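Since the structure comes first, as structure tokens, the remarks are kept for the end.
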Amino acid sequence: MKQVKAPIKSIIEVMPETYLIWLDAPEIATSASPGQFVMVRCGDETILPRPVSIHRVEGDRIVLLVNVVGKGTLWLSQQKKGGILDIFGPLGNGFSINPDAKNLLLVAGGIGIAPLYFLAETAITSGKKVTLINGARSGECLLPVALPQKLYDGGLLPASINVVNATDDGSEGFKGLATDLIPHYLAGADQVFACGPAAMYRAMTKMPELKNRPVQVSMEIMMGCGVGVCYGCTIETKHGLKQVCKDGPVFEMGFILKDSP
Ligand SMILES: Cc1cc2nc3c(=O)[nH]c(=O)nc-3n(C[C@H](O)[C@H](O)[C@H](O)COP(=O)(O)OP(=O)(O)OC[C@H]3O[C@@H](n4cnc5c(N)ncnc54)[C@H](O)[C@@H]3O)c2cc1C
Ligand code: FES
């Protein structure tokens, strides 16, 4: 784990109230793996730093995808190119891709897309096929495939990924929840990875189709220290109390959710 003063190379609003932030952080970029996160100090706005997933790694840079929900994330969204962010990481265990898996199904709910880009890109680089079910409130809240070239010359989602969109209001893709689509894309999926709100995981635990399947979920929970000291992120699991920052944030779904299949 490294403590870094990371220069902001770029910051762009890519969806309403959601910002991509490119940071020079070679010490973190070289050791990060998908599903890990960094703790970000938000100026004087919050006493405690905030956990943010490593959305992607580009050489010496890490990229964060930040959705504004409160004072810390608002402060982050107001930072400018050339500013410095005080961060530490990479933290947590991250996702685990089975070397024998050929097809991966990723399920994102809202800002849950954040750690799944890095996972998708890593999986594709190692020859896996990836399908992403991407769910959001409306079309404008879905991470765009690309931005105008003057803003960013590259894709915002890996080119070879099969993206299936779902929106609550039907303004883009399937009208309904990301979880409604899971049964239709399970055939051939060797592993399932999900990141989203607790309601999404509750729906997944009730799905008979996911029974006895390897499903990894990333838990979003309020954190204090991020490094296993404060016990503020403790959750009850089938196997006793666990700390999301240290034992997670990624867990087997059947491990953490008591009524899971
Ligand atoms: C491992 C991990 C990775 C995360 N990755 C990302 C990411 O990549 N991008 C991103 O935008 N957010 C991510 N989050 C959520 C992010 O940490 C919170 O949104 C942030 O801490 C809120 O801080 P704030 O000061 O803006 O909001 P606050 O002012 O502290 O709170 C505003 C509202 O948000 C709720 N809230 C605060 N923290 C959380 C949380 N951790 N989970 C759910 N609700 C929360 C509060 O209950 C309150 O209703 C992640 C969380 C975890 C645990
Ligand atoms: S956030 Fe402090 S122990 Fe996990």
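Following the order of the structure tokens, chains are lettered A, B, ..., residues in each are numbered from 1, and ligands are numbered from 1.
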For this session: Excluding Asn165 (chain A) and any residue of its chain fewer than 4 positions from it, enumerate the residues within 7 Å of it, using only C-alpha atoms, and give them as an NGL selection string.
Result: :A and (133-135 or 172-174)
Problem set entry | Ala187 (chain A) surroundings by only C-alpha atoms, 12 Å radius, close-in-sequence under 5 positions cut, as a VMD selection string | chain A and resid 103 to 105 131 181 to 182 192 209 to 210 213
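When only C-alpha atoms are used to compute distances to Pro90 (chain A), the closest of the residues A:Thr46, A:Ser218, A:Gln36, A:Ser53 turns out to be A:Gln36.
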Exercise. Which residues come within 6 Å of Phe193 (chain A), counting only C-alpha atoms, excluding same-chain residues fewer than 4 positions away, as a list in words?
Worked result: Leu106, Val215, Gln216 and Val217 of chain A
Pull the closest atom pair for each residue of chain A that gets at most 7 Å from ligand 1, along with the distance in Å to one decimal, counting only C-alpha atoms and all ligand atoms, ordering rows by chain and then ascending residue number, as JSON lines.
```
{"residue": "A:Phe37", "atom": "CA", "partner": "ligand 1", "partner_atom_place_in_ligand_line": "1 (C)", "distance": 5.7}
{"residue": "A:Thr46", "atom": "CA", "partner": "ligand 1", "partner_atom_place_in_ligand_line": "25 (O)", "distance": 6.4}
{"residue": "A:Arg50", "atom": "CA", "partner": "ligand 1", "partner_atom_place_in_ligand_line": "21 (O)", "distance": 4.4}
{"residue": "A:Pro51", "atom": "CA", "partner": "ligand 1", "partner_atom_place_in_ligand_line": "17 (O)", "distance": 4.2}
{"residue": "A:Val52", "atom": "CA", "partner": "ligand 1", "partner_atom_place_in_ligand_line": "5 (N)", "distance": 3.6}
{"residue": "A:Ser53", "atom": "CA", "partner": "ligand 1", "partner_atom_place_in_ligand_line": "8 (O)", "distance": 3.7}
{"residue": "A:Ile54", "atom": "CA", "partner": "ligand 1", "partner_atom_place_in_ligand_line": "8 (O)", "distance": 6.4}
{"residue": "A:His55", "atom": "CA", "partner": "ligand 1", "partner_atom_place_in_ligand_line": "8 (O)", "distance": 6.4}
{"residue": "A:Leu64", "atom": "CA", "partner": "ligand 1", "partner_atom_place_in_ligand_line": "8 (O)", "distance": 6.1}
{"residue": "A:Leu65", "atom": "CA", "partner": "ligand 1", "partner_atom_place_in_ligand_line": "9 (N)", "distance": 5.1}
{"residue": "A:Val66", "atom": "CA", "partner": "ligand 1", "partner_atom_place_in_ligand_line": "11 (O)", "distance": 3.5}
{"residue": "A:Asn67", "atom": "CA", "partner": "ligand 1", "partner_atom_place_in_ligand_line": "11 (O)", "distance": 3.6}
{"residue": "A:Val68", "atom": "CA", "partner": "ligand 1", "partner_atom_place_in_ligand_line": "26 (O)", "distance": 5.9}
{"residue": "A:Val69", "atom": "CA", "partner": "ligand 1", "partner_atom_place_in_ligand_line": "26 (O)", "distance": 4.7}
{"residue": "A:Gly70", "atom": "CA", "partner": "ligand 1", "partner_atom_place_in_ligand_line": "26 (O)", "distance": 3.3}
{"residue": "A:Lys71", "atom": "CA", "partner": "ligand 1", "partner_atom_place_in_ligand_line": "25 (O)", "distance": 4.4}
{"residue": "A:Gly72", "atom": "CA", "partner": "ligand 1", "partner_atom_place_in_ligand_line": "25 (O)", "distance": 3.3}
{"residue": "A:Thr73", "atom": "CA", "partner": "ligand 1", "partner_atom_place_in_ligand_line": "26 (O)", "distance": 3.7}
{"residue": "A:Leu74", "atom": "CA", "partner": "ligand 1", "partner_atom_place_in_ligand_line": "26 (O)", "distance": 5.9}
{"residue": "A:Ile111", "atom": "CA", "partner": "ligand 1", "partner_atom_place_in_ligand_line": "11 (O)", "distance": 6.0}
{"residue": "A:Ala114", "atom": "CA", "partner": "ligand 1", "partner_atom_place_in_ligand_line": "8 (O)", "distance": 4.7}
{"residue": "A:Pro115", "atom": "CA", "partner": "ligand 1", "partner_atom_place_in_ligand_line": "8 (O)", "distance": 6.3}
{"residue": "A:Met219", "atom": "CA", "partner": "ligand 1", "partner_atom_place_in_ligand_line": "53 (C)", "distance": 6.3}
{"residue": "A:Glu220", "atom": "CA", "partner": "ligand 1", "partner_atom_place_in_ligand_line": "53 (C)", "distance": 3.9}
{"residue": "A:Ile221", "atom": "CA", "partner": "ligand 1", "partner_atom_place_in_ligand_line": "41 (N)", "distance": 4.1}
{"residue": "A:Met222", "atom": "CA", "partner": "ligand 1", "partner_atom_place_in_ligand_line": "41 (N)", "distance": 3.7}
{"residue": "A:Met223", "atom": "CA", "partner": "ligand 1", "partner_atom_place_in_ligand_line": "53 (C)", "distance": 6.1}
{"residue": "A:Cys245", "atom": "CA", "partner": "ligand 1", "partner_atom_place_in_ligand_line": "1 (C)", "distance": 6.7}
{"residue": "A:Pro249", "atom": "CA", "partner": "ligand 1", "partner_atom_place_in_ligand_line": "1 (C)", "distance": 5.3}
```
Write a file of the selected residues as a PDB file, in the first residue's frame, keeping C-alpha atoms.
```
ATOM      1  CA  PHE A  37      -9.733   0.594  -4.414  1.00  0.00           C
ATOM      2  CA  THR A  46     -14.492  15.341   5.293  1.00  0.00           C
ATOM      3  CA  ARG A  50     -13.410   8.115   0.888  1.00  0.00           C
ATOM      4  CA  PRO A  51     -13.062   4.735  -0.863  1.00  0.00           C
ATOM      5  CA  VAL A  52     -13.071   4.846  -4.671  1.00  0.00           C
ATOM      6  CA  SER A  53     -12.519   1.869  -6.983  1.00  0.00           C
ATOM      7  CA  ILE A  54      -9.664   1.787  -9.433  1.00  0.00           C
ATOM      8  CA  HIS A  55     -11.718   2.117 -12.615  1.00  0.00           C
ATOM      9  CA  LEU A  64     -11.331   6.981 -11.009  1.00  0.00           C
ATOM     10  CA  LEU A  65     -15.037   7.202 -11.842  1.00  0.00           C
ATOM     11  CA  VAL A  66     -16.723   9.290  -9.175  1.00  0.00           C
ATOM     12  CA  ASN A  67     -20.445   9.792  -8.673  1.00  0.00           C
ATOM     13  CA  VAL A  68     -21.380  12.798  -6.532  1.00  0.00           C
ATOM     14  CA  VAL A  69     -23.524  11.741  -3.572  1.00  0.00           C
ATOM     15  CA  GLY A  70     -22.275  13.938  -0.709  1.00  0.00           C
ATOM     16  CA  LYS A  71     -19.664  16.453   0.401  1.00  0.00           C
ATOM     17  CA  GLY A  72     -16.550  14.339  -0.230  1.00  0.00           C
ATOM     18  CA  THR A  73     -17.460  13.306  -3.749  1.00  0.00           C
ATOM     19  CA  LEU A  74     -18.685  16.844  -4.500  1.00  0.00           C
ATOM     20  CA  ILE A 111     -21.833   3.406 -10.364  1.00  0.00           C
ATOM     21  CA  ALA A 114     -16.540   1.570 -11.778  1.00  0.00           C
ATOM     22  CA  PRO A 115     -14.472  -1.522 -10.844  1.00  0.00           C
ATOM     23  CA  MET A 219     -19.564  -4.664  -1.408  1.00  0.00           C
ATOM     24  CA  GLU A 220     -20.089  -0.899  -1.258  1.00  0.00           C
ATOM     25  CA  ILE A 221     -20.271   0.109   2.346  1.00  0.00           C
ATOM     26  CA  MET A 222     -19.292   3.190   4.327  1.00  0.00           C
ATOM     27  CA  MET A 223     -15.674   3.009   5.443  1.00  0.00           C
ATOM     28  CA  CYS A 245     -11.811  -3.095   3.501  1.00  0.00           C
ATOM     29  CA  PRO A 249     -14.500  -5.653  -0.867  1.00  0.00           C
TER      30      PRO A 249
END
```
For this session: May I ask you to write as a ChimeraX atom specification all residues lying at most 8 Å from ligand 2, with only C-alpha atoms and all ligand atoms counted?
Result: /A:222-234,243-246
Seminar exercise, completed: Across A:Pro183, A:Gly188, A:Asp153, A:Gly139, the smallest distance to Met207 (chain A), with only C-alpha atoms counted, is shown by A:Pro183
For this session: Within 10 Å of Leu151 (chain A), counting only C-alpha atoms, which residues show up once you throw out same-chain ones fewer than 6 positions away? Write them as an NGL selection string, please.
Result: :A and (10-12)
Just-selected residues, N, CA and C atoms written as a compact mmCIF listing (two decimals), in the first residue's frame:
```txt
# COMPACT_ATOMS: atom_id res chain seq x y z
N SER A 10 -6.38 14.96 -15.75
CA SER A 10 -7.60 15.34 -16.47
C SER A 10 -8.81 15.02 -15.59
N ILE A 11 -9.86 15.80 -15.77
CA ILE A 11 -11.12 15.50 -15.07
C ILE A 11 -12.26 15.91 -16.00
N ILE A 12 -13.15 14.94 -16.27
CA ILE A 12 -14.22 15.18 -17.26
C ILE A 12 -15.53 14.65 -16.70
```
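For the set A:Pro26, A:Asp60, A:Leu20, A:Pro34, the residue with the smallest atom-to-atom gap to Leu76 (chain A) is A:Leu20, counting only C-alpha atoms.
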For this session: Please identify which residues in region 50-198 of chain A DSSP calls helix (DSSP H, G or I) from the backbone, and express them as an MDAnalysis selection string.
Result: chainID A and resid 71:77 110:125 139:141 178:185 198
For this session: Find the residues around Ser33 (chain A) up to 9 Å (only C-alpha atoms counted), leave out those fewer than 5 positions away in its own chain, and share them as a list of chain:residue names.
Result: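 So the residues in contact are A:Ile54, A:Pro90, A:Asn93, A:Gly94, A:Phe95, A:Phe118, A:Leu119, A:Thr122.
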Exercise. Taking only C-alpha atoms into account, which of A:Leu156, A:Ala178, A:Met200, A:Leu91 comes nearest Gly248 (chain A)?
Worked result: A:Leu91
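Minimum distance to Gly35 (chain A) across A:Val130, A:Ile235, A:Ala6, A:Ile97 (counting only C-alpha atoms) occurs at A:Ile97.
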For this session: Within 8 Å of Pro144 (chain A), counting only C-alpha atoms, which residues show up once you throw out same-chain ones fewer than 6 positions away? Write them as a list of chain:residue names, please.
Result: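 So, after excluding close chain neighbours, the residues are A:Val14, A:Met15, A:Leu156, A:Leu157.
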For this session: Have a look at A:Ala108, A:Leu143, A:Ala32, A:Ala120 and name the one nearest to Ala159 (chain A); count only C-alpha atoms.
Result: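 So, comparing all the options, the nearest one is A:Ala120.
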